[in-house]
Amino acid sequence: MSKIAEDWFEFKGWKPYPFQRQCWKALAAGSSGLLNAPTGCGKTYAIWFGVLEHFLRHRATTKKKGLHCLWITPLRALSKEILLATTRVSDDLDLPYEIGLRTGDTAAAERARQKRKPPEALVTTPESVHLMLAQKGYADQFKNLEFVVIDEWHELMGSKRGVLVELALAVLKHINPALKIWGISATIGNIEEAREILLGAQWQQSALIRARIAKKTLIETILPDTLDKFPWAGHLGLKLAGKILPIIDQSNSTLLFTNTRSQAEIWYQHLLQLQPDLAGQIALHHGSLGEEIRQWVEEALHRGVLKAVVCTSSLDLGVDFRPVDTVIQVGSPKGVARFLQRAGRSGHHPGATSRIYFLPTHSLEILEGAALRYAAKEGKIESRIPYIRSFDVLIQFLVTLAVSDGFKAEPVYELIRQTYCYRSVTRAEFDACILMIIQGGRMLEAYDEFHKVVLEDGLYKVTDKRIALRHRLSIGAIVNDVMMQVKMLGGKYIGSVEESFISRLKPGDHFWFAGRNLELVMVKHLQAIVRSSNKKKGIVPSWMGGRLPLSSYLTEALRHKLQEARMGKREREIDFLQPLFAEQEKRSYMPAENELLLEKIQTKEGCHLFVYPFEGKFVHEGMAAIIAYRLGKIRPFSFSIAMNDYGFELLSDQDIPLDAALVQDLFNTTELSADITASINTTEMARKKFRDIAGIAGLVFQGYPGRQVKTRHLQANSGLFFKVFEDYDADNLLLRQAYEEVFDFQLEIVRMRAAFTRISTHRIVIREPGTLTPFAFPIFAEVFREKFSNESLEDRMNKIKAQLEKL
Amino acid sequence: MEITLAGTIIQLLPQKALFLPEHSLLVLGDLHLGKAMHFRKAGIFMPAASAADDYTMLHRLFQTYQPRQVFFLGDLFHSLHNSEWQQFGQLLDQYPGISFTLIRGNHDILKDSEYRQIGLQVVEGALRLGDLIFAHEPMTEIPEGAINIAGHIHPGCVLRGLGRQSLTLPCFYLSGQTFLLPAFGRLTGLHVLSRDRATSVFAVLPERVVAV
């Protein structure tokens with residue numbers, strides 16, 4: 001029981017939820033733990049009053065000074081929210097408890113002040129904590145730290161930022177073994193595992209508290225007036241914009257989520273074009289916009305003065321906007337958990353119903369509306385897969401320690417072994433990491449001048465100031481392309497855009513950014529100087545975004561809905577799609593749940609083989625590579641591979657032989673492991689993973705927006721690194737990690753095995769329709785393609801030449 | 001593969017070099033030696049052995065063609081001095097019969113004495129041999145009847161075939177009076193150039209060069 005909490009809740013006229021009281025009790029007992037609670041039900045205060053209670057009981061009476069609590073969040077927007085919520089309590093109750101903010105945006109002067117006279121609590125991000133670990137004497141700053149709270153842990157856990165958290169916690173626990181760690185997580189499939197990962201070796205003595213607040217969610221799919229029987233990704237979305245205007249109009253405040261930043265820009269423009277009087281009433285929010293703009297939007301949302309905000313995952317988390325009563329999801333949300341989380345952004349009042357509209361971007365996607373409703377009802381919430389054995393993050397961490405006070409090998413090895421991520425790392429592997437930072441890997445020749453970390457009296461440290469600076473600039477586990485700051489002529493910062501986009505523009509060219517039409521005036525260092533323009537034309541930057549696959553639960557629900565459609569079951573989405581299914585049946589075949597459909601179609605491009613496992617894009621990518629590899633064992637083939645969430649296509653210049661027995665064999669599970677290994681070597685997958693690994697481990701230094709550090713001469717494309725490592729250092733830990741990440745996250749190996757097993761029991765249906773079918777068309781139209789070839793370069797060249805000569 | 005430019009026979013070698021038998025001249029562009037070490041000095045773990053292939057290839061070329069002279073068409077060494085320069089010097093020492101000339105490129109910023117020290121003549125701008133003009137960057141104005149042989153661009157070409165097949169390969173690239181060499185160094189990238197009727201492209205395969 002917490003006296004001040006009860007007092008404050010009474011003062012506010014609120015009544016604590018049972019889970020809040022449970023938390024206060026557990027915190028008072030000195031436990032660590034994980035709180036599983038949705039946004040907007042008071043989870044912050046469930047933890048915060050426990051922290052305050054401890055402070056008043058133990059700290060106020062002693063002379064101990066300095067940081068008492070670190071509150072780590074994944075988003076800067078969320079940090080400010082936490083700062084406001086906690087400061088409110090200190091103000092209301094007149095507590096001697098100051099809370100500071102420490103993110104990438106915190107000015108140097110403020111950081112210095114925080115170091116001189118630390119506040120009682122700092123609200124911060126994983127990267128900022130690692131930056132603090134890169135400062136001399138960091139242990140002093142944390143010596144009286146009692147609490148670390150990790151907000152939205154489910155979000156961090158599925159990324160390498162979660163590994164940064166694990167490492168930071170290990171260091172902080174080492175400084176104060178009595179440290180209390182609390183995580184806050186939304187519901188995910190593996191909540192128990194989330195606790196184990198967060199708390200490391202001591203998880204068994206911890207608490208797991210569930211809020212158990214049921215929330216009602218209404219899901220409605222927005223249907224077009226007419227059905228396009230040949231779905232083309234992206235072609236439907238904007239056409240439906242007219243249908244959401246009345247929804248926005250009738251709602252108090254609407255959040256419109258898109259999956260990418262460019263889509264957000266496009267939708268914002270489009271809504272204004274359709275209804276110009278929305279100007280000033282709608283806003284745009286995404287991760288590339290400047291802090292000031294985002295802050296303004298968030299505050300306006302709080303005040304309830306905006307009718308709608310077009311946003312991306314930048315508004316997924318935490319922040320509680322009470323006026324929002326409607327959410328619209330544009331395009332597939334790809335997962336049940338993400339969809340429900342976004343739905344939860346509306347109806348924050350206790351007992352309120354969340355309302356979410358699903359706006360499909362092509363006709364097949366309409367079925368996902370029904371699938372989402374089904375999966376939500378069945379409570380199928382996805383798990384987050386944690387990263388393990390991330391040597392790139394470990395190497396970065398070791399250099400961080402070397403930059404600040406230096407480190408000794410033995411204790412640091414013991415320390416990292418306490419984490420979930422590195423508990424299986426052997427001493428030999430750890431030593432290989434050390435070797436990499438002191439002599440650049442195993443090769444050491446007489447003339448070598450490798451220089452990064454040096455070993456002096458058993459202490460590993462960085463002595464070169466430039467290396468230390470470069471390292472501090474690249475701390476973090478999010479790898480971006482080189483970004484350019486976009487600034488107005490007057491100097492106002494608007495946001496950042498990939499350099500590769502700006503480099504395609506000439507001064508005088510126009511582009512859309514931050515919802516405005518901008519004219520490029522000039523490019524100076526890493527800054528694009530722009531001015532506003534009234535032009536109506538311009539291109540929209542495309543940011544490299546993660547192209548997520550449909551989750552396993554969603555694909556399962558989708559297959560279930562397809563089966564229902566085949567059985568003639570009535571549901572709004574299914575009814576609407578009937579003509580499309582009829583067309584599919586007429587041209588080819590409508591597969592049942594226990595059948596696998598393959599379509600072979602000849603066009604002037606060559607022979608297309610379409611396969612429809614409905615297993616999500618990543619599984620299809622791996623499956624396509626394996627099938628290509630297995631076909632290549634029959635005779636040499638070159639394939640162009642395309643996939644979407646429903647199926648994949650192998651396109652070859654020569655005929656692909658096919659019969660049911662052969663297909664049975666192509667999908668056999670007996671030599672799966674060996675074939676997976678063999679096939680991923682032939683694709684770009686590992687190379688793509690290596691790009692991020694190279695960035696995190698410090699192989700590729702990208703410079704930072706606005707900093708005029710000359711780095712061009714140190715830049716090399718990660719593809720080149722990958723090739724060089726493959727050829728000269730094939731056993732390298734980082735290279736091996738790239739392959740392991742392909743297995744776990746790209747191929748989703750567990751899921752793929754299950755898919756192969758499922759398909760091996762299916763009846764194979766082969767059709768040879770004369771033209772593209774409704775299922776085939778969206779895959780055929782995919783622009784992004786992978787390659788597979790086991791023909792020799794010479795043969796491929798000769799074939800292409802022969803084809804050219806025929807023209 | 002052999003072509004004739006400005007009346008001179010030129011062999012296009014799959015090792016990404018030119019050999020001009022009449023002049024007993026071997027021409028190499030954009031070696032970017034020292035790049036691996038440059039990265040390593042800055043704490044970036046580029047495998048050191050990655051440079052070895054370039055040196056092996058140089059030996060093989062010098063021994064096979066036994067040229068009297070070798071032109072390096074600029075960007076011989078990647079920026080600042082490092083220990084790989086000595087290694088390169090030792091390699092040149094083994095071929096006293098060859099005269100080595102560097103046509104300076106934008107990355108060639110070593111001290112004059114450092115070039116002298118390993119017996120390398122340095123030429124600024126361009127070097128003319130009959131109607132062939134050798135330069136690092138392609139010249140903007142080329143005298144009538146002459147051909148400018150240049151590097152700097154790292155030309156590559158994309159070949160497309162049926163079934164959406166495509167191949168990206170380094171190439172020699174002839175457009176008007178400009179003839180571009182592919183980059184010799186292993187640690188270099190490709191800049192894909194477009195093709196039209198006025199250009200001739202010679203793609204580099206592992207064993208041979210082919211006109212496409």
# chains A, B, ... in the order shown; residues from 1 in each chain; ligands from 1
>>> select_by_dssp(residues="segment 352-555 of chain A", states="alpha helix (DSSP H)", output="ChimeraX atom specification")
/A:366-377,391-403,409-416,427-439,465-473,499-502,552-555
>>> select_by_dssp(residues="segment 15-171 of chain B", states="strand (DSSP E or B)", output="JSON, numbers by chain")
{"B": [17, 18, 19, 20, 25, 26, 27, 28, 33, 69, 70, 71, 72, 77, 99, 100, 101, 102, 103, 121, 122, 123, 126, 127, 128, 129, 132, 133, 134, 135, 147, 148, 149, 150, 155, 156, 157, 158, 159, 160, 161, 165, 166, 167, 168, 169, 170, 171]}
>>> interface_residues(of="chain B", to="chain A", cutoff="6 Å", atoms="only C-alpha atoms", output="PDB file with N, CA and C atoms, in the first residue's frame")
ATOM      1  N   ARG B  40      41.721   0.422 -41.750  1.00  0.00           N
ATOM      2  CA  ARG B  40      42.190  -0.220 -40.514  1.00  0.00           C
ATOM      3  C   ARG B  40      42.812   0.793 -39.567  1.00  0.00           C
ATOM      4  N   LYS B  41      43.526   1.758 -40.145  1.00  0.00           N
ATOM      5  CA  LYS B  41      44.135   2.791 -39.293  1.00  0.00           C
ATOM      6  C   LYS B  41      43.066   3.572 -38.540  1.00  0.00           C
ATOM      7  N   GLY B  43      40.399   2.275 -37.401  1.00  0.00           N
ATOM      8  CA  GLY B  43      39.671   1.405 -36.493  1.00  0.00           C
ATOM      9  C   GLY B  43      38.508   0.671 -37.136  1.00  0.00           C
ATOM     10  N   ILE B  44      38.503   0.595 -38.453  1.00  0.00           N
ATOM     11  CA  ILE B  44      37.432  -0.137 -39.135  1.00  0.00           C
ATOM     12  C   ILE B  44      38.003  -1.457 -39.634  1.00  0.00           C
ATOM     13  N   PHE B  45      37.354  -2.566 -39.235  1.00  0.00           N
ATOM     14  CA  PHE B  45      38.002  -3.863 -39.470  1.00  0.00           C
ATOM     15  C   PHE B  45      37.886  -4.395 -40.887  1.00  0.00           C
ATOM     16  N   SER B  83      51.385   2.258 -44.392  1.00  0.00           N
ATOM     17  CA  SER B  83      52.456   1.287 -44.609  1.00  0.00           C
ATOM     18  C   SER B  83      52.317   0.502 -45.915  1.00  0.00           C
ATOM     19  N   GLY B 161      18.161  -9.551 -69.833  1.00  0.00           N
ATOM     20  CA  GLY B 161      17.703 -10.595 -70.737  1.00  0.00           C
ATOM     21  C   GLY B 161      16.288 -11.021 -70.403  1.00  0.00           C
ATOM     22  N   LEU B 162      15.850 -12.089 -71.028  1.00  0.00           N
ATOM     23  CA  LEU B 162      14.500 -12.621 -70.776  1.00  0.00           C
ATOM     24  C   LEU B 162      14.334 -13.024 -69.317  1.00  0.00           C
ATOM     25  N   GLY B 163      13.097 -13.155 -68.907  1.00  0.00           N
ATOM     26  CA  GLY B 163      12.814 -13.594 -67.539  1.00  0.00           C
ATOM     27  C   GLY B 163      13.337 -12.606 -66.515  1.00  0.00           C
TER      28      GLY B 163
END
>>> residues_around(residues="segment 267-281 of chain A", least_positions_apart="4", cutoff="8 Å", atoms="only C-alpha atoms", output="PDB file with N, CA, C and O atoms, in the first residue's frame")
ATOM      1  N   LEU A 238      -5.753   5.282 -52.067  1.00  0.00           N
ATOM      2  CA  LEU A 238      -6.146   6.680 -52.199  1.00  0.00           C
ATOM      3  C   LEU A 238      -7.550   6.837 -52.785  1.00  0.00           C
ATOM      4  O   LEU A 238      -8.225   7.817 -52.514  1.00  0.00           O
ATOM      5  N   ALA A 241     -10.082   7.467 -50.260  1.00  0.00           N
ATOM      6  CA  ALA A 241      -9.912   8.619 -49.372  1.00  0.00           C
ATOM      7  C   ALA A 241     -11.244   9.346 -49.158  1.00  0.00           C
ATOM      8  O   ALA A 241     -11.529   9.808 -48.051  1.00  0.00           O
ATOM      9  N   GLY A 242     -12.045   9.431 -50.215  1.00  0.00           N
ATOM     10  CA  GLY A 242     -13.325  10.120 -50.102  1.00  0.00           C
ATOM     11  C   GLY A 242     -14.218   9.514 -49.029  1.00  0.00           C
ATOM     12  O   GLY A 242     -15.024  10.204 -48.410  1.00  0.00           O
ATOM     13  N   LEU A 245     -13.504  10.871 -45.352  1.00  0.00           N
ATOM     14  CA  LEU A 245     -13.800  12.260 -44.975  1.00  0.00           C
ATOM     15  C   LEU A 245     -14.999  12.344 -44.017  1.00  0.00           C
ATOM     16  O   LEU A 245     -14.903  13.016 -42.986  1.00  0.00           O
ATOM     17  N   GLN A 263       3.982   7.275 -47.481  1.00  0.00           N
ATOM     18  CA  GLN A 263       2.528   7.151 -47.550  1.00  0.00           C
ATOM     19  C   GLN A 263       1.857   8.232 -46.712  1.00  0.00           C
ATOM     20  O   GLN A 263       0.839   8.805 -47.106  1.00  0.00           O
ATOM     21  N   VAL A 305      -7.453  20.132 -30.615  1.00  0.00           N
ATOM     22  CA  VAL A 305      -7.757  21.116 -31.650  1.00  0.00           C
ATOM     23  C   VAL A 305      -7.564  20.569 -33.065  1.00  0.00           C
ATOM     24  O   VAL A 305      -7.809  21.262 -34.030  1.00  0.00           O
ATOM     25  N   LEU A 306      -7.116  19.308 -33.172  1.00  0.00           N
ATOM     26  CA  LEU A 306      -6.925  18.744 -34.510  1.00  0.00           C
ATOM     27  C   LEU A 306      -8.036  17.751 -34.822  1.00  0.00           C
ATOM     28  O   LEU A 306      -8.387  16.917 -34.000  1.00  0.00           O
ATOM     29  N   LYS A 307      -8.554  17.840 -36.060  1.00  0.00           N
ATOM     30  CA  LYS A 307      -9.572  16.879 -36.492  1.00  0.00           C
ATOM     31  C   LYS A 307      -8.922  15.535 -36.809  1.00  0.00           C
ATOM     32  O   LYS A 307      -9.504  14.482 -36.605  1.00  0.00           O
ATOM     33  N   ALA A 308      -7.712  15.600 -37.371  1.00  0.00           N
ATOM     34  CA  ALA A 308      -7.043  14.349 -37.738  1.00  0.00           C
ATOM     35  C   ALA A 308      -5.540  14.538 -37.813  1.00  0.00           C
ATOM     36  O   ALA A 308      -5.056  15.634 -38.104  1.00  0.00           O
ATOM     37  N   VAL A 310      -2.272  12.488 -39.671  1.00  0.00           N
ATOM     38  CA  VAL A 310      -1.781  11.388 -40.490  1.00  0.00           C
ATOM     39  C   VAL A 310      -0.424  11.008 -39.912  1.00  0.00           C
ATOM     40  O   VAL A 310       0.453  11.860 -39.789  1.00  0.00           O
ATOM     41  N   GLY A 515       4.545  17.747 -45.209  1.00  0.00           N
ATOM     42  CA  GLY A 515       3.256  18.238 -45.662  1.00  0.00           C
ATOM     43  C   GLY A 515       3.332  19.517 -46.462  1.00  0.00           C
ATOM     44  O   GLY A 515       2.326  20.161 -46.707  1.00  0.00           O
TER      45      GLY A 515
END
>>> atom_distance(atom1="atom CA of Lys136 of chain A", atom2="atom CA of Val403 of chain A")
7.9 Å
>>> atom_distance(atom1="atom CA of Val425 of chain A", atom2="atom CA of Val412 of chain A")
12.2 Å
>>> residues_around(residues="Thr188 of chain B", least_positions_apart="4", cutoff="9 Å", atoms="only C-alpha atoms", output="list in words")
Ala716 and Leu720 of chain A; Asp30, Leu31, His32, His154, Ala183 and Phe184 of chain B
>>> residues_around(residues="segment 20-23 of chain B", least_positions_apart="2", cutoff="12 Å", atoms="only C-alpha atoms", output="list in words")
Glu2, Ile3, Thr4, Leu5, Gly7, Thr8, Ile9, Ile10, Gln11, Leu12, Leu13, Ala17, Leu18, Leu25, Leu26, Val27, Leu28, Tyr65, Gln66, Pro67, Arg68, Gln69, Val70, Phe71, Leu129, Gly130 and Leu132 of chain B
>>> atom_distance(atom1="atom CA of Val497 of chain A", atom2="atom CA of His510 of chain A")
14.0 Å
